[in-house]
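Visitor: Below is the file query-v1.txt, with compact mmCIF, N, CA, C and O atoms.
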# COMPACT_ATOMS: atom_id res chain seq x y z
N MET A 1 117.61 110.47 75.00
CA MET A 1 118.38 110.58 73.80
C MET A 1 117.57 110.20 72.57
O MET A 1 117.75 110.78 71.52
N THR A 2 116.70 109.22 72.72
CA THR A 2 115.88 108.81 71.58
C THR A 2 115.06 109.97 71.05
O THR A 2 114.99 110.18 69.85
N ALA A 3 114.44 110.74 71.95
CA ALA A 3 113.63 111.88 71.51
C ALA A 3 114.49 112.91 70.80
O ALA A 3 114.07 113.51 69.81
N ALA A 4 115.69 113.11 71.28
CA ALA A 4 116.58 114.09 70.65
C ALA A 4 117.01 113.65 69.27
O ALA A 4 117.16 114.47 68.37
N LEU A 5 117.19 112.37 69.09
CA LEU A 5 117.70 111.87 67.82
C LEU A 5 116.60 111.53 66.81
O LEU A 5 116.88 111.39 65.62
N SER A 6 115.37 111.38 67.27
CA SER A 6 114.32 110.92 66.36
C SER A 6 113.27 111.98 66.04
O SER A 6 112.26 111.66 65.45
N THR A 7 113.51 113.22 66.43
CA THR A 7 112.59 114.29 66.06
C THR A 7 113.37 115.40 65.37
O THR A 7 114.56 115.58 65.62
N PRO A 8 112.71 116.14 64.49
CA PRO A 8 113.41 117.23 63.80
C PRO A 8 113.67 118.38 64.76
O PRO A 8 113.01 118.50 65.81
N PRO A 9 114.61 119.26 64.44
CA PRO A 9 114.90 120.41 65.30
C PRO A 9 113.68 121.31 65.51
O PRO A 9 113.49 121.86 66.58
N ASP A 10 112.83 121.43 64.50
CA ASP A 10 111.63 122.25 64.56
C ASP A 10 110.43 121.34 64.32
O ASP A 10 110.33 120.70 63.26
N LEU A 11 109.51 121.28 65.27
CA LEU A 11 108.37 120.37 65.17
C LEU A 11 107.18 120.95 64.40
O LEU A 11 106.12 120.33 64.34
N ALA A 12 107.35 122.10 63.77
CA ALA A 12 106.24 122.76 63.08
C ALA A 12 105.58 121.87 62.04
O ALA A 12 104.35 121.89 61.89
N ALA A 13 106.34 121.07 61.33
CA ALA A 13 105.77 120.21 60.30
C ALA A 13 104.92 119.10 60.88
O ALA A 13 104.03 118.57 60.21
N TRP A 14 105.16 118.72 62.13
CA TRP A 14 104.41 117.63 62.75
C TRP A 14 103.10 118.07 63.38
O TRP A 14 102.19 117.25 63.55
N VAL A 15 102.99 119.33 63.76
CA VAL A 15 101.83 119.81 64.51
C VAL A 15 100.52 119.58 63.76
O VAL A 15 99.56 119.07 64.35
N PRO A 16 100.39 119.91 62.48
CA PRO A 16 99.12 119.67 61.80
C PRO A 16 98.69 118.20 61.83
O PRO A 16 97.52 117.90 62.05
N THR A 17 99.61 117.30 61.63
CA THR A 17 99.28 115.87 61.65
C THR A 17 98.84 115.44 63.04
O THR A 17 97.85 114.70 63.19
N LEU A 18 99.53 115.91 64.06
CA LEU A 18 99.14 115.56 65.43
C LEU A 18 97.77 116.12 65.77
O LEU A 18 96.96 115.47 66.43
N ARG A 19 97.48 117.32 65.28
CA ARG A 19 96.16 117.91 65.52
C ARG A 19 95.07 117.12 64.80
O ARG A 19 93.98 116.94 65.33
N GLU A 20 95.35 116.64 63.60
CA GLU A 20 94.39 115.82 62.86
C GLU A 20 94.06 114.54 63.63
O GLU A 20 92.97 113.99 63.51
N GLN A 21 95.01 114.07 64.42
CA GLN A 21 94.81 112.86 65.22
C GLN A 21 94.16 113.16 66.57
O GLN A 21 93.99 112.27 67.38
N GLY A 22 93.82 114.43 66.79
CA GLY A 22 93.09 114.80 67.98
C GLY A 22 93.89 115.47 69.08
O GLY A 22 93.34 115.80 70.13
N ALA A 23 95.16 115.67 68.87
CA ALA A 23 95.98 116.32 69.89
C ALA A 23 95.63 117.80 69.99
O ALA A 23 95.44 118.46 68.98
N VAL A 24 95.52 118.29 71.21
CA VAL A 24 95.30 119.71 71.45
C VAL A 24 96.66 120.30 71.77
O VAL A 24 97.23 120.05 72.82
N LEU A 25 97.19 121.07 70.83
CA LEU A 25 98.54 121.58 70.95
C LEU A 25 98.58 123.10 70.81
O LEU A 25 97.77 123.68 70.08
N PRO A 26 99.53 123.74 71.50
CA PRO A 26 99.74 125.17 71.28
C PRO A 26 100.42 125.38 69.93
O PRO A 26 100.56 124.44 69.14
N ASP A 27 100.89 126.56 69.67
CA ASP A 27 101.53 126.85 68.39
C ASP A 27 102.83 126.02 68.27
O ASP A 27 103.39 125.56 69.26
N PRO A 28 103.29 125.80 67.03
CA PRO A 28 104.47 124.95 66.81
C PRO A 28 105.72 125.37 67.58
O PRO A 28 106.45 124.52 68.07
N ALA A 29 105.95 126.66 67.73
CA ALA A 29 107.13 127.11 68.48
C ALA A 29 107.04 126.67 69.93
O ALA A 29 108.05 126.27 70.53
N GLU A 30 105.86 126.70 70.51
CA GLU A 30 105.68 126.27 71.90
C GLU A 30 105.87 124.75 72.02
O GLU A 30 106.45 124.28 73.00
N VAL A 31 105.40 124.01 71.05
CA VAL A 31 105.59 122.55 71.06
C VAL A 31 107.08 122.23 71.05
O VAL A 31 107.56 121.39 71.83
N THR A 32 107.83 122.90 70.19
CA THR A 32 109.28 122.68 70.11
C THR A 32 109.95 123.09 71.42
O THR A 32 110.81 122.38 71.93
N ALA A 33 109.54 124.22 71.99
CA ALA A 33 110.13 124.69 73.25
C ALA A 33 109.86 123.70 74.38
O ALA A 33 110.75 123.42 75.19
N ARG A 34 108.66 123.14 74.43
CA ARG A 34 108.34 122.15 75.46
C ARG A 34 109.18 120.89 75.29
O ARG A 34 109.67 120.32 76.27
N ARG A 35 109.33 120.44 74.06
CA ARG A 35 110.17 119.26 73.80
C ARG A 35 111.61 119.53 74.23
O ARG A 35 112.24 118.70 74.90
N ASP A 36 112.12 120.71 73.89
CA ASP A 36 113.49 121.06 74.26
C ASP A 36 113.66 121.12 75.78
O ASP A 36 114.67 120.67 76.31
N ALA A 37 112.67 121.67 76.48
CA ALA A 37 112.73 121.75 77.94
C ALA A 37 112.71 120.35 78.55
O ALA A 37 113.45 120.06 79.50
N PHE A 38 111.88 119.47 77.99
CA PHE A 38 111.84 118.09 78.47
C PHE A 38 113.19 117.41 78.29
O PHE A 38 113.70 116.76 79.21
N LEU A 39 113.79 117.58 77.12
CA LEU A 39 115.09 116.97 76.86
C LEU A 39 116.16 117.53 77.78
O LEU A 39 117.01 116.79 78.30
N ARG A 40 116.16 118.85 77.99
CA ARG A 40 117.15 119.47 78.88
C ARG A 40 117.03 118.90 80.28
O ARG A 40 118.01 118.56 80.93
N THR A 41 115.80 118.77 80.78
CA THR A 41 115.58 118.21 82.12
C THR A 41 116.08 116.78 82.19
O THR A 41 116.74 116.39 83.15
N ALA A 42 115.76 115.99 81.18
CA ALA A 42 116.20 114.59 81.17
C ALA A 42 117.72 114.48 81.14
O ALA A 42 118.30 113.67 81.88
N LEU A 43 118.36 115.28 80.32
CA LEU A 43 119.83 115.24 80.25
C LEU A 43 120.47 115.72 81.55
O LEU A 43 121.47 115.17 82.00
N ASP A 44 119.87 116.75 82.16
CA ASP A 44 120.38 117.23 83.44
C ASP A 44 120.27 116.16 84.52
O ASP A 44 121.16 115.99 85.34
N ARG A 45 119.16 115.41 84.51
CA ARG A 45 118.98 114.33 85.49
C ARG A 45 120.01 113.23 85.27
O ARG A 45 120.55 112.68 86.23
N LEU A 46 120.26 112.90 84.01
CA LEU A 46 121.27 111.89 83.73
C LEU A 46 122.64 112.34 84.24
O LEU A 46 123.38 111.55 84.84
N ALA A 47 122.97 113.58 83.99
CA ALA A 47 124.27 114.11 84.43
C ALA A 47 124.36 114.11 85.96
O ALA A 47 125.40 113.76 86.53
N ALA A 48 123.27 114.46 86.62
CA ALA A 48 123.25 114.49 88.08
C ALA A 48 123.41 113.09 88.67
O ALA A 48 123.97 112.91 89.75
N ASP A 49 122.92 112.09 87.95
CA ASP A 49 123.03 110.70 88.40
C ASP A 49 124.37 110.08 88.02
O ASP A 49 124.60 108.91 88.28
N GLY A 50 125.20 110.86 87.35
CA GLY A 50 126.51 110.36 86.95
C GLY A 50 126.52 109.58 85.66
O GLY A 50 127.52 108.97 85.29
N ALA A 51 125.41 109.60 84.94
CA ALA A 51 125.32 108.85 83.68
C ALA A 51 125.72 109.70 82.48
O ALA A 51 125.79 109.20 81.37
N GLY A 52 125.90 111.00 82.66
CA GLY A 52 126.16 111.85 81.52
C GLY A 52 127.46 112.47 81.46
O GLY A 52 128.40 112.59 82.01
What would the structure in this file look like if it were written as structure tokens?

Guide:
Amino acid sequence: MTAALSTPPDLAAWVPTLREQGAVLPDPAEVTARRDAFLRTALDRLAADGAG
């Protein structure tokens, strides 16, 4: 939930800064899609465990 609440809907604005810090990242749309997939998996696991 923290990741969902503490990041913008579109991570495009963050990618240049992360790259300046040395992160090797795909295009901004892919970064956002990966974050969304991670959150979906985490929420699905919580629901499966009865926490959601």

Visitor: Could you pull out the alpha helix (DSSP H) residues of chain A, going by DSSP on the backbone, and write them as a PyMOL selection string?

Guide: chain A and resi 2-6+15-20+28-48

Visitor: Write to file, as a tab-separated table (two decimals), in the frame of the given file, the residues of the selection just made, with N, CA, C and O atoms.

Guide:
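Ended up saving to out.tsv:
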chain	number	residue	atom	x	y	z
A	2	THR	N	116.70	109.22	72.72
A	2	THR	CA	115.88	108.81	71.58
A	2	THR	C	115.06	109.97	71.05
A	2	THR	O	114.99	110.18	69.85
A	3	ALA	N	114.44	110.74	71.95
A	3	ALA	CA	113.63	111.88	71.51
A	3	ALA	C	114.49	112.91	70.80
A	3	ALA	O	114.07	113.51	69.81
A	4	ALA	N	115.69	113.11	71.28
A	4	ALA	CA	116.58	114.09	70.65
A	4	ALA	C	117.01	113.65	69.27
A	4	ALA	O	117.16	114.47	68.37
A	5	LEU	N	117.19	112.37	69.09
A	5	LEU	CA	117.70	111.87	67.82
A	5	LEU	C	116.60	111.53	66.81
A	5	LEU	O	116.88	111.39	65.62
A	6	SER	N	115.37	111.38	67.27
A	6	SER	CA	114.32	110.92	66.36
A	6	SER	C	113.27	111.98	66.04
A	6	SER	O	112.26	111.66	65.45
A	15	VAL	N	102.99	119.33	63.76
A	15	VAL	CA	101.83	119.81	64.51
A	15	VAL	C	100.52	119.58	63.76
A	15	VAL	O	99.56	119.07	64.35
A	16	PRO	N	100.39	119.91	62.48
A	16	PRO	CA	99.12	119.67	61.80
A	16	PRO	C	98.69	118.20	61.83
A	16	PRO	O	97.52	117.90	62.05
A	17	THR	N	99.61	117.30	61.63
A	17	THR	CA	99.28	115.87	61.65
A	17	THR	C	98.84	115.44	63.04
A	17	THR	O	97.85	114.70	63.19
A	18	LEU	N	99.53	115.91	64.06
A	18	LEU	CA	99.14	115.56	65.43
A	18	LEU	C	97.77	116.12	65.77
A	18	LEU	O	96.96	115.47	66.43
A	19	ARG	N	97.48	117.32	65.28
A	19	ARG	CA	96.16	117.91	65.52
A	19	ARG	C	95.07	117.12	64.80
A	19	ARG	O	93.98	116.94	65.33
A	20	GLU	N	95.35	116.64	63.60
A	20	GLU	CA	94.39	115.82	62.86
A	20	GLU	C	94.06	114.54	63.63
A	20	GLU	O	92.97	113.99	63.51
A	28	PRO	N	103.29	125.80	67.03
A	28	PRO	CA	104.47	124.95	66.81
A	28	PRO	C	105.72	125.37	67.58
A	28	PRO	O	106.45	124.52	68.07
A	29	ALA	N	105.95	126.66	67.73
A	29	ALA	CA	107.13	127.11	68.48
A	29	ALA	C	107.04	126.67	69.93
A	29	ALA	O	108.05	126.27	70.53
A	30	GLU	N	105.86	126.70	70.51
A	30	GLU	CA	105.68	126.27	71.90
A	30	GLU	C	105.87	124.75	72.02
A	30	GLU	O	106.45	124.28	73.00
A	31	VAL	N	105.40	124.01	71.05
A	31	VAL	CA	105.59	122.55	71.06
A	31	VAL	C	107.08	122.23	71.05
A	31	VAL	O	107.56	121.39	71.83
A	32	THR	N	107.83	122.90	70.19
A	32	THR	CA	109.28	122.68	70.11
A	32	THR	C	109.95	123.09	71.42
A	32	THR	O	110.81	122.38	71.93
A	33	ALA	N	109.54	124.22	71.99
A	33	ALA	CA	110.13	124.69	73.25
A	33	ALA	C	109.86	123.70	74.38
A	33	ALA	O	110.75	123.42	75.19
A	34	ARG	N	108.66	123.14	74.43
A	34	ARG	CA	108.34	122.15	75.46
A	34	ARG	C	109.18	120.89	75.29
A	34	ARG	O	109.67	120.32	76.27
A	35	ARG	N	109.33	120.44	74.06
A	35	ARG	CA	110.17	119.26	73.80
A	35	ARG	C	111.61	119.53	74.23
A	35	ARG	O	112.24	118.70	74.90
A	36	ASP	N	112.12	120.71	73.89
A	36	ASP	CA	113.49	121.06	74.26
A	36	ASP	C	113.66	121.12	75.78
A	36	ASP	O	114.67	120.67	76.31
A	37	ALA	N	112.67	121.67	76.48
A	37	ALA	CA	112.73	121.75	77.94
A	37	ALA	C	112.71	120.35	78.55
A	37	ALA	O	113.45	120.06	79.50
A	38	PHE	N	111.88	119.47	77.99
A	38	PHE	CA	111.84	118.09	78.47
A	38	PHE	C	113.19	117.41	78.29
A	38	PHE	O	113.70	116.76	79.21
A	39	LEU	N	113.79	117.58	77.12
A	39	LEU	CA	115.09	116.97	76.86
A	39	LEU	C	116.16	117.53	77.78
A	39	LEU	O	117.01	116.79	78.30
A	40	ARG	N	116.16	118.85	77.99
A	40	ARG	CA	117.15	119.47	78.88
A	40	ARG	C	117.03	118.90	80.28
A	40	ARG	O	118.01	118.56	80.93
A	41	THR	N	115.80	118.77	80.78
A	41	THR	CA	115.58	118.21	82.12
A	41	THR	C	116.08	116.78	82.19
A	41	THR	O	116.74	116.39	83.15
A	42	ALA	N	115.76	115.99	81.18
A	42	ALA	CA	116.20	114.59	81.17
A	42	ALA	C	117.72	114.48	81.14
A	42	ALA	O	118.30	113.67	81.88
A	43	LEU	N	118.36	115.28	80.32
A	43	LEU	CA	119.83	115.24	80.25
A	43	LEU	C	120.47	115.72	81.55
A	43	LEU	O	121.47	115.17	82.00
A	44	ASP	N	119.87	116.75	82.16
A	44	ASP	CA	120.38	117.23	83.44
A	44	ASP	C	120.27	116.16	84.52
A	44	ASP	O	121.16	115.99	85.34
A	45	ARG	N	119.16	115.41	84.51
A	45	ARG	CA	118.98	114.33	85.49
A	45	ARG	C	120.01	113.23	85.27
A	45	ARG	O	120.55	112.68	86.23
A	46	LEU	N	120.26	112.90	84.01
A	46	LEU	CA	121.27	111.89	83.73
A	46	LEU	C	122.64	112.34	84.24
A	46	LEU	O	123.38	111.55	84.84
A	47	ALA	N	122.97	113.58	83.99
A	47	ALA	CA	124.27	114.11	84.43
A	47	ALA	C	124.36	114.11	85.96
A	47	ALA	O	125.40	113.76	86.53
A	48	ALA	N	123.27	114.46	86.62
A	48	ALA	CA	123.25	114.49	88.08
A	48	ALA	C	123.41	113.09	88.67
A	48	ALA	O	123.97	112.91	89.75

Visitor: Excluding Ala12 (chain A) and any residue of its chain fewer than 3 positions from it, enumerate the residues within 10 Å of it, using only C-alpha atoms, and give them as a PyMOL selection string.

Guide: chain A and resi 8-9+15-17+27-32

Visitor: Could you check which of A:Asp49, A:Glu20, A:Thr2, A:Leu11 is closest to Ala33 (chain A), using only N, CA, C and O atoms?

Guide: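 Among A:Asp49, A:Glu20, A:Thr2, A:Leu11, it is A:Leu11 that comes nearest to Ala33 (chain A).
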
Visitor: In Å, how far is it from CA of Ala13 (chain A) to CA of Arg45 (chain A)?

Guide: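 If I compute the distance from CA of Ala13 (chain A) to CA of Arg45 (chain A), I get 29.0 Å.
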
Visitor: Which value, in Å to one decimal, gives the distance between atom C of Leu25 (chain A) and atom C of Leu46 (chain A)?

Guide: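 So the two atoms, atom C of Leu25 (chain A) and atom C of Leu46 (chain A), lie 29.6 Å apart.
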
Visitor: Figure out the distance between atom C of Ala4 (chain A) and atom N of Arg40 (chain A), please, to one decimal in Å.

Guide: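 According to the coordinates, atom N of Arg40 (chain A) and atom C of Ala4 (chain A) are separated by 10.2 Å.
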